[in-house]
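Have a look at my_file_29.csv below; it lists CSV, C-alpha atoms and all ligand atoms.
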```
chain,number,residue,atom,x,y,z
O,17,TRP,CA,24.6,-24.7,-3.1
O,18,ILE,CA,21.6,-22.5,-3.3
O,19,LEU,CA,19.2,-21.5,-0.6
O,20,MET,CA,15.8,-19.9,-1.3
O,21,ALA,CA,12.8,-18.3,0.5
O,22,THR,CA,9.5,-17.3,-0.9
O,23,GLY,CA,6.9,-14.9,0.5
O,24,ARG,CA,3.6,-13.4,-0.5
O,25,THR,CA,2.4,-10.0,0.6
O,26,PRO,CA,-0.9,-8.3,-0.2
O,27,THR,CA,-1.3,-4.7,-1.1
O,28,ASN,CA,-3.1,-2.3,1.2
O,29,ILE,CA,-5.5,0.5,0.5
O,30,ALA,CA,-5.4,3.7,2.7
O,31,VAL,CA,-8.6,4.9,4.1
O,32,ILE,CA,-6.8,7.8,5.8
O,33,LYS,CA,-4.1,8.8,3.3
O,34,TYR,CA,-0.4,9.3,3.7
O,35,TRP,CA,0.6,12.3,1.6
O,36,GLY,CA,3.7,14.2,2.3
O,37,LYS,CA,7.1,13.5,3.9
O,38,ARG,CA,8.9,15.4,6.7
O,39,ASP,CA,12.1,13.5,5.8
O,40,GLU,CA,12.6,12.4,2.2
O,41,ALA,CA,15.6,10.1,2.8
O,42,LEU,CA,14.1,8.1,5.7
O,43,ILE,CA,10.6,8.4,4.4
O,44,LEU,CA,9.0,9.9,7.5
O,45,PRO,CA,5.4,11.2,6.9
O,46,VAL,CA,3.7,14.4,7.9
O,47,ASN,CA,0.7,12.5,9.3
O,48,ASP,CA,-0.6,9.1,10.5
O,49,SER,CA,-2.4,7.0,8.1
O,50,ILE,CA,-4.8,4.0,8.3
O,51,SER,CA,-5.3,1.2,5.7
O,52,VAL,CA,-6.9,-2.0,5.1
O,53,THR,CA,-4.8,-4.9,3.8
O,54,LEU,CA,-6.4,-6.9,1.0
O,55,ASP,CA,-6.8,-10.6,0.7
O,56,PRO,CA,-3.5,-12.0,-0.7
O,57,ASP,CA,-5.4,-14.1,-3.4
O,58,HIS,CA,-6.4,-10.9,-5.2
O,59,LEU,CA,-3.8,-8.2,-5.2
O,60,SER,CA,-0.4,-9.3,-4.0
O,61,ALA,CA,3.3,-9.6,-4.7
O,62,THR,CA,5.1,-12.9,-4.6
O,63,THR,CA,8.8,-12.8,-4.1
O,64,THR,CA,11.5,-15.5,-4.1
O,65,VAL,CA,15.0,-14.6,-2.8
O,66,ALA,CA,17.9,-16.9,-3.5
O,67,VAL,CA,21.5,-16.9,-2.1
O,68,SER,CA,24.4,-18.8,-3.4
O,69,PRO,CA,28.2,-18.4,-3.2
O,70,THR,CA,28.3,-18.5,-7.0
O,71,PHE,CA,26.3,-15.2,-7.3
O,72,ASP,CA,28.7,-12.4,-8.1
O,73,ARG,CA,26.3,-9.5,-7.5
O,74,ASP,CA,22.8,-8.7,-6.2
O,75,ARG,CA,20.2,-8.9,-9.0
O,76,MET,CA,16.5,-8.4,-9.3
O,77,TRP,CA,13.7,-9.4,-11.7
O,78,LEU,CA,10.2,-7.9,-11.7
O,79,ASN,CA,7.5,-9.9,-13.5
O,80,GLY,CA,10.3,-11.8,-15.3
O,81,GLU,CA,12.3,-8.8,-16.5
O,82,GLU,CA,15.5,-7.9,-14.9
O,83,ILE,CA,15.5,-4.4,-13.4
O,84,PRO,CA,18.5,-2.5,-12.0
O,85,LEU,CA,18.9,-2.9,-8.3
O,86,SER,CA,20.7,0.4,-8.1
O,87,GLY,CA,17.7,2.4,-6.7
O,88,ASP,CA,18.4,3.7,-3.2
O,89,ARG,CA,15.2,2.3,-1.9
O,90,PHE,CA,15.8,-1.4,-2.6
O,91,GLN,CA,19.5,-0.9,-1.6
O,92,SER,CA,18.6,0.7,1.8
O,93,CYS,CA,16.2,-2.1,2.6
O,94,LEU,CA,18.7,-4.7,1.6
O,95,ARG,CA,21.4,-3.0,3.7
O,96,GLU,CA,19.2,-2.8,6.8
O,97,ILE,CA,18.1,-6.4,6.5
O,98,ARG,CA,21.8,-7.6,6.1
O,99,LYS,CA,22.7,-5.8,9.3
O,100,LEU,CA,20.0,-7.8,11.2
O,101,ALA,CA,20.8,-11.2,9.5
O,102,ASP,CA,21.6,-14.1,11.7
O,103,ASP,CA,23.2,-17.6,11.4
O,104,VAL,CA,21.4,-20.0,9.0
O,105,VAL,CA,22.1,-23.7,9.2
O,106,ASP,CA,20.5,-26.3,6.8
O,107,GLU,CA,21.9,-29.6,8.0
O,108,LYS,CA,20.3,-31.6,5.1
O,109,LYS,CA,22.0,-29.5,2.5
O,110,GLY,CA,25.1,-29.1,4.6
O,111,ILE,CA,24.8,-25.3,4.5
O,112,ARG,CA,26.2,-23.1,7.2
O,113,ILE,CA,26.0,-19.3,6.9
O,114,ARG,CA,27.3,-17.2,9.7
O,115,LYS,CA,25.8,-13.8,10.3
O,116,ASP,CA,28.9,-12.0,9.1
O,117,ASP,CA,28.9,-14.0,5.8
O,118,TRP,CA,25.7,-12.2,4.7
O,119,GLN,CA,27.7,-9.0,4.1
O,120,LYS,CA,29.7,-10.9,1.3
O,121,LEU,CA,27.0,-13.1,-0.1
O,122,HIS,CA,24.9,-11.9,-3.0
O,123,VAL,CA,21.2,-12.4,-3.6
O,124,HIS,CA,18.9,-12.9,-6.6
O,125,ILE,CA,15.4,-11.6,-6.2
O,126,SER,CA,12.4,-12.4,-8.4
O,127,SER,CA,9.1,-10.7,-7.8
O,128,TYR,CA,5.7,-11.0,-9.4
O,129,ASN,CA,2.6,-8.8,-9.1
O,130,ASN,CA,-0.8,-10.2,-9.9
O,131,PHE,CA,-2.1,-6.7,-10.8
O,132,PRO,CA,-1.2,-3.7,-13.0
O,133,THR,CA,2.0,-2.0,-11.8
O,134,ALA,CA,1.9,1.8,-11.2
O,135,ALA,CA,-1.7,2.2,-12.1
O,136,GLY,CA,-2.4,3.7,-8.7
O,137,LEU,CA,-3.1,0.3,-7.1
O,138,ALA,CA,-0.2,0.7,-4.7
O,139,SER,CA,1.8,-2.1,-6.2
O,140,SER,CA,5.0,-0.7,-4.8
O,141,ALA,CA,3.6,-1.2,-1.3
O,142,ALA,CA,3.1,-5.0,-1.8
O,143,GLY,CA,6.4,-5.3,-3.7
O,144,LEU,CA,8.6,-3.6,-1.2
O,145,ALA,CA,6.9,-5.2,1.8
O,146,CYS,CA,7.3,-8.6,0.2
O,147,PHE,CA,11.0,-7.8,-0.6
O,148,VAL,CA,11.7,-7.0,3.0
O,149,PHE,CA,9.6,-9.8,4.5
O,150,THR,CA,11.2,-12.5,2.2
O,151,LEU,CA,14.8,-11.3,2.7
O,152,ALA,CA,14.2,-11.3,6.5
O,153,LYS,CA,13.0,-14.9,6.2
O,154,LEU,CA,16.0,-16.0,4.1
O,155,MET,CA,18.5,-14.2,6.4
O,156,ASN,CA,16.8,-15.5,9.6
O,157,VAL,CA,16.1,-12.0,10.9
O,158,LYS,CA,14.6,-12.3,14.4
O,159,GLU,CA,13.2,-8.8,14.8
O,160,ASP,CA,9.4,-8.3,15.1
O,161,TYR,CA,7.1,-7.0,12.4
O,162,GLY,CA,7.2,-3.5,13.8
O,163,LYS,CA,10.9,-3.3,13.1
O,164,LEU,CA,10.4,-4.9,9.6
O,165,SER,CA,7.7,-2.4,8.9
O,166,SER,CA,10.2,0.5,9.6
O,167,ILE,CA,12.6,-1.1,7.1
O,168,ALA,CA,9.8,-1.5,4.5
O,169,ARG,CA,8.9,2.1,5.1
O,170,GLN,CA,12.4,3.1,3.8
O,171,GLY,CA,11.5,1.4,0.6
O,172,SER,CA,8.1,3.0,0.1
O,173,GLY,CA,6.1,4.6,2.8
O,174,SER,CA,2.9,2.8,2.2
O,175,ALA,CA,4.8,-0.6,2.2
O,176,CYS,CA,5.1,-0.5,6.0
O,177,ARG,CA,1.4,-1.0,6.3
O,178,SER,CA,1.4,-4.3,4.2
O,179,MET,CA,3.4,-6.0,6.9
O,180,TYR,CA,0.2,-6.8,8.7
O,181,GLY,CA,-3.2,-8.1,7.6
O,182,GLY,CA,-6.5,-6.5,8.7
O,183,PHE,CA,-6.6,-2.8,9.6
O,184,VAL,CA,-3.3,-1.1,10.1
O,185,LYS,CA,-2.1,2.3,11.3
O,186,TRP,CA,1.2,3.8,10.4
O,187,THR,CA,2.1,6.1,13.2
O,188,MET,CA,4.1,9.0,11.9
O,189,GLY,CA,6.4,9.0,15.0
O,190,ARG,CA,8.4,11.9,16.4
O,191,ASP,CA,12.0,10.6,16.4
O,192,ALA,CA,14.2,12.3,13.9
O,193,TRP,CA,15.7,8.9,12.9
O,194,GLY,CA,12.3,7.3,12.5
O,195,SER,CA,12.6,4.6,15.1
O,196,ASP,CA,8.9,5.2,16.1
O,197,SER,CA,7.6,5.6,12.6
O,198,ILE,CA,6.2,2.1,12.3
O,199,ALA,CA,3.0,0.2,11.4
O,200,VAL,CA,0.8,-1.3,14.1
O,201,GLN,CA,-2.2,-3.6,13.6
O,202,LEU,CA,-5.5,-2.1,14.7
O,203,ALA,CA,-7.7,-5.1,14.0
O,204,SER,CA,-7.0,-8.5,12.7
O,205,GLU,CA,-8.2,-10.1,9.4
O,206,SER,CA,-11.3,-11.6,10.9
O,207,HIS,CA,-12.5,-8.5,12.8
O,208,TRP,CA,-14.7,-7.1,10.1
O,209,ASN,CA,-14.9,-9.7,7.4
O,210,ASP,CA,-18.3,-8.8,6.0
O,211,LEU,CA,-16.7,-5.9,4.1
O,212,VAL,CA,-16.2,-6.4,0.3
O,213,ILE,CA,-13.8,-4.4,-1.7
O,214,ILE,CA,-14.3,-3.8,-5.4
O,215,ILE,CA,-11.7,-2.2,-7.5
O,216,ALA,CA,-12.9,-0.6,-10.7
O,217,VAL,CA,-10.0,-0.5,-13.0
O,218,VAL,CA,-10.5,2.8,-14.8
O,219,SER,CA,-7.1,2.7,-16.5
O,220,SER,CA,-4.2,0.3,-16.2
O,221,LYS,CA,-1.8,2.8,-17.8
O,222,GLN,CA,1.2,4.0,-15.8
O,223,LYS,CA,0.4,7.1,-13.8
O,224,GLU,CA,1.9,10.4,-15.0
O,225,THR,CA,3.1,11.7,-11.7
O,226,SER,CA,4.5,9.2,-9.2
O,227,SER,CA,3.4,9.4,-5.6
O,228,THR,CA,7.0,10.3,-4.6
O,229,THR,CA,7.2,13.3,-6.9
O,230,GLY,CA,3.6,14.3,-6.4
O,231,MET,CA,3.9,14.5,-2.6
O,232,ARG,CA,7.2,16.3,-2.8
O,233,ASP,CA,5.5,19.0,-4.9
O,234,SER,CA,2.5,19.1,-2.5
O,235,VAL,CA,4.8,19.6,0.5
O,236,GLU,CA,6.6,22.4,-1.2
O,237,THR,CA,3.6,24.3,-2.6
O,238,SER,CA,0.3,23.3,-1.0
O,239,PRO,CA,-1.0,25.4,1.9
O,240,LEU,CA,-3.8,22.9,2.3
O,241,LEU,CA,-1.4,20.1,3.0
O,242,GLN,CA,-0.1,21.7,6.2
O,243,HIS,CA,-3.7,22.4,7.4
O,244,ARG,CA,-4.7,18.8,6.6
O,245,ALA,CA,-1.7,17.2,8.3
O,246,GLN,CA,-1.9,19.4,11.4
O,247,THR,CA,-5.6,20.0,12.1
O,248,VAL,CA,-7.7,17.5,10.1
O,249,VAL,CA,-6.0,14.1,10.1
O,250,PRO,CA,-5.3,13.8,13.9
O,251,GLY,CA,-9.0,14.0,14.6
O,252,ARG,CA,-9.9,11.7,11.7
O,253,ILE,CA,-7.5,9.1,12.8
O,254,LEU,CA,-9.2,8.8,16.2
O,255,GLN,CA,-12.7,8.7,14.6
O,256,MET,CA,-11.6,6.1,12.1
O,257,GLU,CA,-10.1,3.9,14.8
O,258,GLU,CA,-13.4,4.1,16.7
O,259,ALA,CA,-15.4,3.3,13.5
O,260,ILE,CA,-13.2,0.3,12.8
O,261,ARG,CA,-13.4,-0.9,16.5
O,262,SER,CA,-17.2,-0.7,16.5
O,263,ARG,CA,-17.7,-1.8,12.9
O,264,ASP,CA,-19.6,1.4,12.3
O,265,PHE,CA,-19.9,1.4,8.5
O,266,ALA,CA,-21.7,4.8,8.1
O,267,SER,CA,-18.9,6.6,10.0
O,268,PHE,CA,-16.2,4.5,8.2
O,269,ALA,CA,-17.6,5.4,4.8
O,270,ARG,CA,-18.0,9.1,5.6
O,271,LEU,CA,-14.4,9.4,6.8
O,272,THR,CA,-13.0,7.3,3.9
O,273,CYS,CA,-14.7,9.4,1.2
O,274,ALA,CA,-13.9,12.7,2.9
O,275,ASP,CA,-10.3,11.8,3.3
O,276,SER,CA,-9.9,10.6,-0.3
O,277,ASN,CA,-11.5,13.9,-1.5
O,278,GLN,CA,-9.2,16.0,0.7
O,279,PHE,CA,-6.2,14.2,-0.6
O,280,HIS,CA,-7.2,14.9,-4.2
O,281,ALA,CA,-8.0,18.5,-3.1
O,282,VAL,CA,-4.4,18.8,-1.9
O,283,CYS,CA,-3.2,17.5,-5.3
O,284,LEU,CA,-5.3,20.2,-7.0
O,285,ASP,CA,-3.8,22.7,-4.5
O,286,THR,CA,-0.3,21.8,-5.6
O,287,SER,CA,1.6,23.9,-8.1
O,288,PRO,CA,1.5,22.7,-10.8
O,289,PRO,CA,-1.8,20.9,-10.0
O,290,ILE,CA,-1.8,17.1,-10.1
O,291,PHE,CA,-4.8,15.3,-11.5
O,292,TYR,CA,-4.9,11.7,-10.6
O,293,MET,CA,-8.6,11.2,-11.1
O,294,ASN,CA,-10.3,11.4,-14.6
O,295,ASP,CA,-13.8,11.9,-15.7
O,296,THR,CA,-14.7,8.3,-15.2
O,297,SER,CA,-13.4,8.5,-11.6
O,298,HIS,CA,-15.6,11.6,-11.0
O,299,ARG,CA,-18.6,9.9,-12.4
O,300,ILE,CA,-18.1,7.0,-10.0
O,301,ILE,CA,-18.0,9.4,-7.1
O,302,SER,CA,-21.2,11.0,-8.2
O,303,LEU,CA,-22.9,7.7,-8.6
O,304,VAL,CA,-21.9,6.6,-5.1
O,305,GLU,CA,-22.7,10.0,-3.5
O,306,ARG,CA,-26.2,10.0,-5.1
O,307,TRP,CA,-26.9,6.4,-3.9
O,308,ASN,CA,-25.6,7.1,-0.4
O,309,ARG,CA,-27.7,10.3,-0.1
O,310,SER,CA,-30.9,8.7,-1.5
O,311,ASP,CA,-30.6,6.0,1.1
O,312,GLY,CA,-30.0,8.4,3.9
O,313,THR,CA,-27.1,6.3,5.2
O,314,PRO,CA,-23.9,5.4,3.3
O,315,GLN,CA,-24.1,2.1,1.4
O,316,VAL,CA,-20.6,2.3,-0.2
O,317,ALA,CA,-17.3,4.0,0.5
O,318,TYR,CA,-15.0,5.1,-2.3
O,319,THR,CA,-11.3,6.0,-2.2
O,320,PHE,CA,-8.8,6.8,-4.9
O,321,ASP,CA,-5.0,6.7,-4.6
O,322,ALA,CA,-2.5,8.3,-7.0
O,323,GLY,CA,-4.4,7.2,-10.0
O,324,PRO,CA,-7.9,7.0,-11.5
O,325,ASN,CA,-9.0,3.6,-10.3
O,326,ALA,CA,-11.8,3.5,-7.8
O,327,VAL,CA,-11.6,1.4,-4.7
O,328,LEU,CA,-15.1,0.8,-3.5
O,329,ILE,CA,-15.9,-0.7,-0.1
O,330,ALA,CA,-19.3,-2.2,0.6
O,331,PRO,CA,-20.5,-3.3,4.0
O,332,ASN,CA,-21.6,-6.8,2.8
O,333,ARG,CA,-22.1,-9.0,-0.2
O,334,LYS,CA,-25.6,-7.8,-0.8
O,335,SER,CA,-24.5,-4.1,-1.1
O,336,ALA,CA,-21.5,-5.2,-3.2
O,337,GLY,CA,-23.9,-7.0,-5.6
O,338,LEU,CA,-26.1,-3.9,-5.9
O,339,LEU,CA,-23.0,-1.8,-6.4
O,340,LEU,CA,-21.8,-4.0,-9.2
O,341,GLN,CA,-25.2,-3.9,-10.9
O,342,ARG,CA,-25.1,-0.1,-10.8
O,343,LEU,CA,-21.6,0.1,-12.1
O,344,LEU,CA,-22.2,-2.3,-14.9
O,345,PHE,CA,-25.3,-0.4,-15.9
O,346,CYS,CA,-23.5,3.0,-16.0
O,347,PHE,CA,-20.2,1.7,-17.4
O,348,PRO,CA,-20.9,-1.4,-19.6
O,349,PRO,CA,-17.5,-2.9,-20.4
O,350,PRO,CA,-15.6,-2.9,-22.6
O,351,ALA,CA,-15.4,0.8,-23.4
O,352,ASP,CA,-12.3,2.8,-24.4
O,353,ASP,CA,-10.5,4.3,-21.4
O,354,GLU,CA,-13.6,3.8,-19.4
O,355,LEU,CA,-14.1,1.0,-16.9
O,356,THR,CA,-12.3,-2.0,-18.4
O,357,SER,CA,-12.5,-4.6,-15.6
O,358,TYR,CA,-13.5,-5.1,-12.1
O,359,VAL,CA,-11.4,-6.8,-9.5
O,360,ILE,CA,-13.6,-8.2,-6.7
O,361,GLY,CA,-11.9,-8.8,-3.5
O,362,ASP,CA,-13.6,-10.5,-0.6
O,363,LYS,CA,-12.2,-8.5,2.2
O,364,SER,CA,-11.5,-11.5,4.3
O,365,ILE,CA,-8.4,-9.3,4.6
O,401,LIG,C1,-1.8,8.0,-2.4
O,401,LIG,O1,4.0,5.0,-0.5
O,401,LIG,O2,3.8,5.1,-3.0
O,401,LIG,O3,-1.3,5.7,-2.0
O,401,LIG,O4,6.7,6.7,0.1
O,401,LIG,O5,7.2,8.0,-1.9
O,401,LIG,O6,7.1,5.5,-2.0
O,401,LIG,P1,6.6,6.8,-1.3
O,401,LIG,O7,5.0,6.9,-1.7
O,401,LIG,P2,3.9,5.8,-1.7
O,401,LIG,O8,2.6,6.8,-1.5
O,401,LIG,C2,1.3,6.3,-1.4
O,401,LIG,C3,0.4,7.4,-1.4
O,401,LIG,C4,-1.1,7.0,-1.5
O,401,LIG,C5,-1.7,7.1,-0.1
O,401,LIG,C6,-1.4,6.0,0.9
O,401,LIG,O9,-1.2,4.8,0.4
O,401,LIG,O10,-1.5,6.3,2.1
```
Can you present the structure in this file as structure tokens?
Amino acid sequence: WILMATGRTPTNIAVIKYWGKRDEALILPVNDSISVTLDPDHLSATTTVAVSPTFDRDRMWLNGEEIPLSGDRFQSCLREIRKLADDVVDEKKGIRIRKDDWQKLHVHISSYNNFPTAAGLASSAAGLACFVFTLAKLMNVKEDYGKLSSIARQGSGSACRSMYGGFVKWTMGRDAWGSDSIAVQLASESHWNDLVIIIAVVSSKQKETSSTTGMRDSVETSPLLQHRAQTVVPGRILQMEEAIRSRDFASFARLTCADSNQFHAVCLDTSPPIFYMNDTSHRIISLVERWNRSDGTPQVAYTFDAGPNAVLIAPNRKSAGLLLQRLLFCFPPPADDELTSYVIGDKSI
């Protein structure tokens, strides 16, 4: 027999960034972060997990290609989920799996992303969250999403925030073992559904410095990182929660842009410095800043993760349309290593 489960998990975009760990093994961050989860139709991972007594080892395929499941991160998520697994009974197929059986049974995992991997679009977040969510479904894990988020966190920090839709906060927690370092939903998918997210794919190449390596170097060498984590982010988190609660786009945009810029300033403050953005990214920032300033109130927010692609957030469809017009005017596609495509996501998150 063979038993399968499938899940789909969208990626999330941080508006207050996670950058830096206080515990590398457990993936515990140095500050809280807040993100918005995208609509699953646009940027998501879909994972199918199968279990059968005929499988002789755990195996995994990513976008159709087998990848080694030896990495600590997948292994630690798998181990944690196995510990929480429960009895599964499928009368129709005559399948009975007792919770202790899960320790001996092997799984095959197949995952697909519908967007460029490792291009700074947080594909690992969707992938690992989906991995944990689907395994938990297959193994009949009864824990709540908070607990599942803490397991996904051990796969990739930002993954814990993809466990929920809408606006999500990852609280850094204080416990040395990370029991309180979990994701919580701040507002549901429908809370602010006028927002439109446009991702300008500046480059779909693999990034040169992974987030994991980059943030390790920043923790070790950047004095700005300590200042940011201890004195800047706590206040910003409170302001961002309030901006989201009251759907205050001007405040939301100011905080989002400022936090993205500070994160990239920390990267520059790292030794050796890390450059995730390129000239095209900088030109997009200038374009948005000029527009926002000429209107007196922010029309668009921008944020960049560990790569050059711009995530642009507009308050409604009208502003999003104007933004696209301006982008297409300044960056007519196709152009070499300039903007090559736009992914338009209705943030009906
Ligand atoms: C810039 O979650 O990819 O996207 O925990 O080492 O797997 P690891 O890092 P990862 O880092 C994401 C960093 C970021 C900001 C964010 O998503 O908050």
- Task: Find the residues near ligand LIG 401 (chain O). Use a cut-off of 9 Å, count only C-alpha atoms and all ligand atoms, and write them as a ChimeraX atom specification.
- Result: /O:28-37,40,43-45,48-51,89,136-141,169-177,226-232,276,279-280,320-323
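You can rank O:Asp191, O:Asp57, O:Asp196, O:Glu224 by their closest distance to Ser166 (chain O) using all atoms listed in the file, and at the top of that list sits O:Asp196.
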- Item | Using only C-alpha atoms: which of O:Val249, O:Leu144, O:Ala266, O:Ala199 has the shortest distance to Ala330 (chain O) |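 Result for the nearest residue to Ala330 (chain O): O:Ala266.
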- Message: Can you measure CA of Ile213 (chain O) to CA of Tyr318 (chain O) for me? One decimal in Å is fine.
- Response: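 These atoms are spaced 9.6 Å apart.
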- Task: Could you tell me how far CA of Leu100 (chain O) lies from CA of Val123 (chain O), in Å and to one decimal?
- Result: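 Taking CA of Leu100 (chain O) as the start and CA of Val123 (chain O) as the end point, the length is 15.5 Å.
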- Task: Give me, please, the distance in Å between CA of Leu54 (chain O) and CA of Gly182 (chain O), quoted to one decimal.
- Result: 7.7 Å
- If you count all atoms listed in the file, which residues fall within 6 Å of Val327 (chain O), apart from same-chain ones fewer than 4 positions away, as an MDAnalysis selection string? chainID O and resid 214:215 318:319
Could you write out that same residue set with C-alpha atoms as a PDB file, in the frame of the given file?
```
ATOM      1  CA  ILE O 214     -14.300  -3.800  -5.400  1.00  0.00           C
ATOM      2  CA  ILE O 215     -11.700  -2.200  -7.500  1.00  0.00           C
ATOM      3  CA  TYR O 318     -15.000   5.100  -2.300  1.00  0.00           C
ATOM      4  CA  THR O 319     -11.300   6.000  -2.200  1.00  0.00           C
TER       5      THR O 319
END
```
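Remark: for Ala66 (chain O), the closest of the candidate residues O:Gly312, O:Ser126, O:Leu42, O:Val105 is O:Ser126 (distances computed over all atoms listed in the file).
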- Message: From the options O:Trp208, O:Lys221, O:Phe131, O:Ile125, which residue's atoms come nearest to Ala259 (chain O), counting all atoms listed in the file?
- Response: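 Of the candidates, the smallest distance to Ala259 (chain O) is held by O:Trp208.
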- Message: Show me, as an MDAnalysis selection string, the residues that have an atom within 6 Å of Thr27 (chain O) when counting only C-alpha atoms, minus same-chain residues fewer than 6 positions from it.
- Response: chainID O and resid 54 59:60 142 178
Given the selection you just returned, output its residues as a file containing C-alpha atoms, formatted as a PDB file, in the coordinates of the input.
```
ATOM      1  CA  LEU O  54      -6.400  -6.900   1.000  1.00  0.00           C
ATOM      2  CA  LEU O  59      -3.800  -8.200  -5.200  1.00  0.00           C
ATOM      3  CA  SER O  60      -0.400  -9.300  -4.000  1.00  0.00           C
ATOM      4  CA  ALA O 142       3.100  -5.000  -1.800  1.00  0.00           C
ATOM      5  CA  SER O 178       1.400  -4.300   4.200  1.00  0.00           C
TER       6      SER O 178
END
```
- Query: Taking all atoms listed in the file into account, which of O:Phe347, O:Phe183, O:Phe90, O:Trp307 comes nearest Glu257 (chain O)?
  - Reply: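 Of O:Phe347, O:Phe183, O:Phe90, O:Trp307, the one nearest Glu257 (chain O), counting all atoms listed in the file, is O:Phe183.
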- Task: Extract, using only C-alpha atoms, all DNA, RNA and protein residues at most 8 Å from Ile167 (chain O), discarding same-chain residues fewer than 6 positions from it, and format them as a PyMOL selection string.
- Result: chain O and resi 93+96-97+148+176
- Message: Which residue is closest to Val52 (chain O)? Choose from O:Leu85, O:Leu121, O:Ile260, O:Leu164 and count only C-alpha atoms.
- Response: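 Answer, going by the shortest atom-to-atom distance: O:Ile260.
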Neighbour list for Val316 (chain O) as a PDB file with C-alpha atoms, in the frame of the given file, cut-off 8 Å, only C-alpha atoms, skip fewer than 2 positions in-chain:
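Output saved as part32.pdb:
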```
ATOM      1  CA  ALA O 269     -17.600   5.400   4.800  1.00  0.00           C
ATOM      2  CA  VAL O 304     -21.900   6.600  -5.100  1.00  0.00           C
ATOM      3  CA  ASN O 308     -25.600   7.100  -0.400  1.00  0.00           C
ATOM      4  CA  PRO O 314     -23.900   5.400   3.300  1.00  0.00           C
ATOM      5  CA  TYR O 318     -15.000   5.100  -2.300  1.00  0.00           C
ATOM      6  CA  LEU O 328     -15.100   0.800  -3.500  1.00  0.00           C
ATOM      7  CA  ILE O 329     -15.900  -0.700  -0.100  1.00  0.00           C
ATOM      8  CA  ALA O 330     -19.300  -2.200   0.600  1.00  0.00           C
ATOM      9  CA  PRO O 331     -20.500  -3.300   4.000  1.00  0.00           C
ATOM     10  CA  SER O 335     -24.500  -4.100  -1.100  1.00  0.00           C
ATOM     11  CA  LEU O 339     -23.000  -1.800  -6.400  1.00  0.00           C
TER      12      LEU O 339
END
```
- Message: Which polymer residues, whether protein, DNA or RNA, lie within 10 Å of the coordinate (20.8, -17.3, -5.3) when you count only C-alpha atoms? List them as a list in words, using the chain letters and numbers from the file.
- Response: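 Using only C-alpha atoms, the matching residues come out as Trp17, Ile18, Leu19, Met20, Ala21, Thr64, Val65, Ala66, Val67, Ser68, Pro69, Thr70, Phe71, Asp72, Arg73, Asp74, Arg75, Leu121, His122, Val123, His124 and Ile125 of chain O.
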- Could you pull the residues within 12 Å of Phe345 (chain O), counting all atoms listed in the file, minus those fewer than 6 positions along the same chain, as a ChimeraX atom specification? /O:300,303,338-339,355
For region 148-159 of chain O, which lacks atoms in the input, supply N, CA and C atoms and format the output as a PDB file, in the coordinates of the input.
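Output below, filename selection_36.pdb:
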```pdb
ATOM      1  N   VAL O 148      11.156  -7.050   1.681  1.00  0.00           N
ATOM      2  CA  VAL O 148      11.700  -7.000   3.000  1.00  0.00           C
ATOM      3  C   VAL O 148      11.361  -8.272   3.818  1.00  0.00           C
ATOM      4  N   PHE O 149      10.116  -8.676   3.732  1.00  0.00           N
ATOM      5  CA  PHE O 149       9.600  -9.800   4.500  1.00  0.00           C
ATOM      6  C   PHE O 149      10.415 -11.104   4.050  1.00  0.00           C
ATOM      7  N   THR O 150      10.578 -11.278   2.732  1.00  0.00           N
ATOM      8  CA  THR O 150      11.200 -12.500   2.200  1.00  0.00           C
ATOM      9  C   THR O 150      12.713 -12.514   2.504  1.00  0.00           C
ATOM     10  N   LEU O 151      13.343 -11.359   2.356  1.00  0.00           N
ATOM     11  CA  LEU O 151      14.800 -11.300   2.700  1.00  0.00           C
ATOM     12  C   LEU O 151      14.991 -11.605   4.167  1.00  0.00           C
ATOM     13  N   ALA O 152      14.098 -11.055   5.007  1.00  0.00           N
ATOM     14  CA  ALA O 152      14.200 -11.300   6.500  1.00  0.00           C
ATOM     15  C   ALA O 152      14.069 -12.771   6.765  1.00  0.00           C
ATOM     16  N   LYS O 153      13.190 -13.427   6.005  1.00  0.00           N
ATOM     17  CA  LYS O 153      13.000 -14.900   6.200  1.00  0.00           C
ATOM     18  C   LYS O 153      14.234 -15.644   5.815  1.00  0.00           C
ATOM     19  N   LEU O 154      14.767 -15.312   4.644  1.00  0.00           N
ATOM     20  CA  LEU O 154      16.000 -16.000   4.100  1.00  0.00           C
ATOM     21  C   LEU O 154      17.130 -15.805   5.108  1.00  0.00           C
ATOM     22  N   MET O 155      17.289 -14.576   5.599  1.00  0.00           N
ATOM     23  CA  MET O 155      18.500 -14.200   6.400  1.00  0.00           C
ATOM     24  C   MET O 155      18.221 -14.471   7.912  1.00  0.00           C
ATOM     25  N   ASN O 156      17.117 -15.130   8.221  1.00  0.00           N
ATOM     26  CA  ASN O 156      16.800 -15.500   9.600  1.00  0.00           C
ATOM     27  C   ASN O 156      16.818 -14.299  10.562  1.00  0.00           C
ATOM     28  N   VAL O 157      16.202 -13.229  10.102  1.00  0.00           N
ATOM     29  CA  VAL O 157      16.100 -12.000  10.900  1.00  0.00           C
ATOM     30  C   VAL O 157      15.079 -12.266  12.027  1.00  0.00           C
ATOM     31  N   LYS O 158      15.444 -11.940  13.266  1.00  0.00           N
ATOM     32  CA  LYS O 158      14.600 -12.300  14.400  1.00  0.00           C
ATOM     33  C   LYS O 158      13.711 -11.115  14.881  1.00  0.00           C
ATOM     34  N   GLU O 159      13.900  -9.958  14.283  1.00  0.00           N
ATOM     35  CA  GLU O 159      13.200  -8.800  14.800  1.00  0.00           C
ATOM     36  C   GLU O 159      11.668  -8.929  14.535  1.00  0.00           C
TER      37      GLU O 159
END
```
